[in-house]
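To start, the structure itself, in structure tokens.
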Amino acid sequence: MSTENIRTAAEQATTPSEQTGGQKTFSQDQVNAIVQERLARDREKQAEELGKREQELLQREFRLNSRQKLMDKGYPETLLDALNCSSEEAFDKALGIIDGLMNEREALRKDEEKQAQLEARRAKPFTGPLNQLRRTGGDPIRKAMKLE
């Protein structure tokens with residue numbers, strides 16, 4: 001409310017009812033109380049709006065920081081929608097769980113690779129010199145002892 005409106009309201013409140021056309025008049029104290037009440041409501045409303053804006057900005061900043069943390073760890077940013085982003089502690093806890101799962105998965109993958117390598121080594125048949133001699137026409141020792 002502007003100062004001019006306050007003065008107008010104050011002037012109307014102090015004029016006699018005959019001059020205002022039979023309207024109700026207010027004392028200066030009543031006008032002051034009404035003005036103070038309206039000002040308090042306006043301040044409260046502005047404070048609420050400011051608080052909402054501040055919360056929105058903080059949430060945006062938190063979301064951007066969380067997105068950056070995901071990208072720094074090599075995770076896709078779409079994972080952000082699946083994680084608890086209600087607070088920084090909750091997000092860090094959820095990210096820790098994801099890290100643990102990914103580490104377990106990587107360890108299992110490495111174990112499987114080692115197991116596959118061991119199996120590949122075991123699966124090769126022994127191809128020593130005796131097998132080569134048998135393919136070429138016989139064992140010279142067996143021939144010398146006339147076992148063939």
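Ordered as shown in the structure tokens, chains take letters A, B, and onward, while each chain numbers its residues from 1 and ligands are numbered from 1 in the order shown.
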Helix (DSSP H, G or I) per DSSP on the backbone: members of stretch 47-141 of chain A, as a PyMOL selection string: chain A and resi 47-72+77-82+88-123+129-136+140-141
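When atom CA of A:Leu64 is paired with atom CA of A:Glu77, their separation reads 10.2 Å.
Atom CA of A:Ser66 sits 10.4 Å away from atom CA of A:Leu79.
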Skipping near chain neighbours, those fewer than 6 positions away, what residues fall within 12 Å of stretch 82-97 of chain A using only C-alpha atoms, listed as a PyMOL selection string? chain A and resi 58-67+69-76+103-104
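Distance-wise, atom CA of A:Leu80 and atom CA of A:Ile98 end up 11.4 Å apart.
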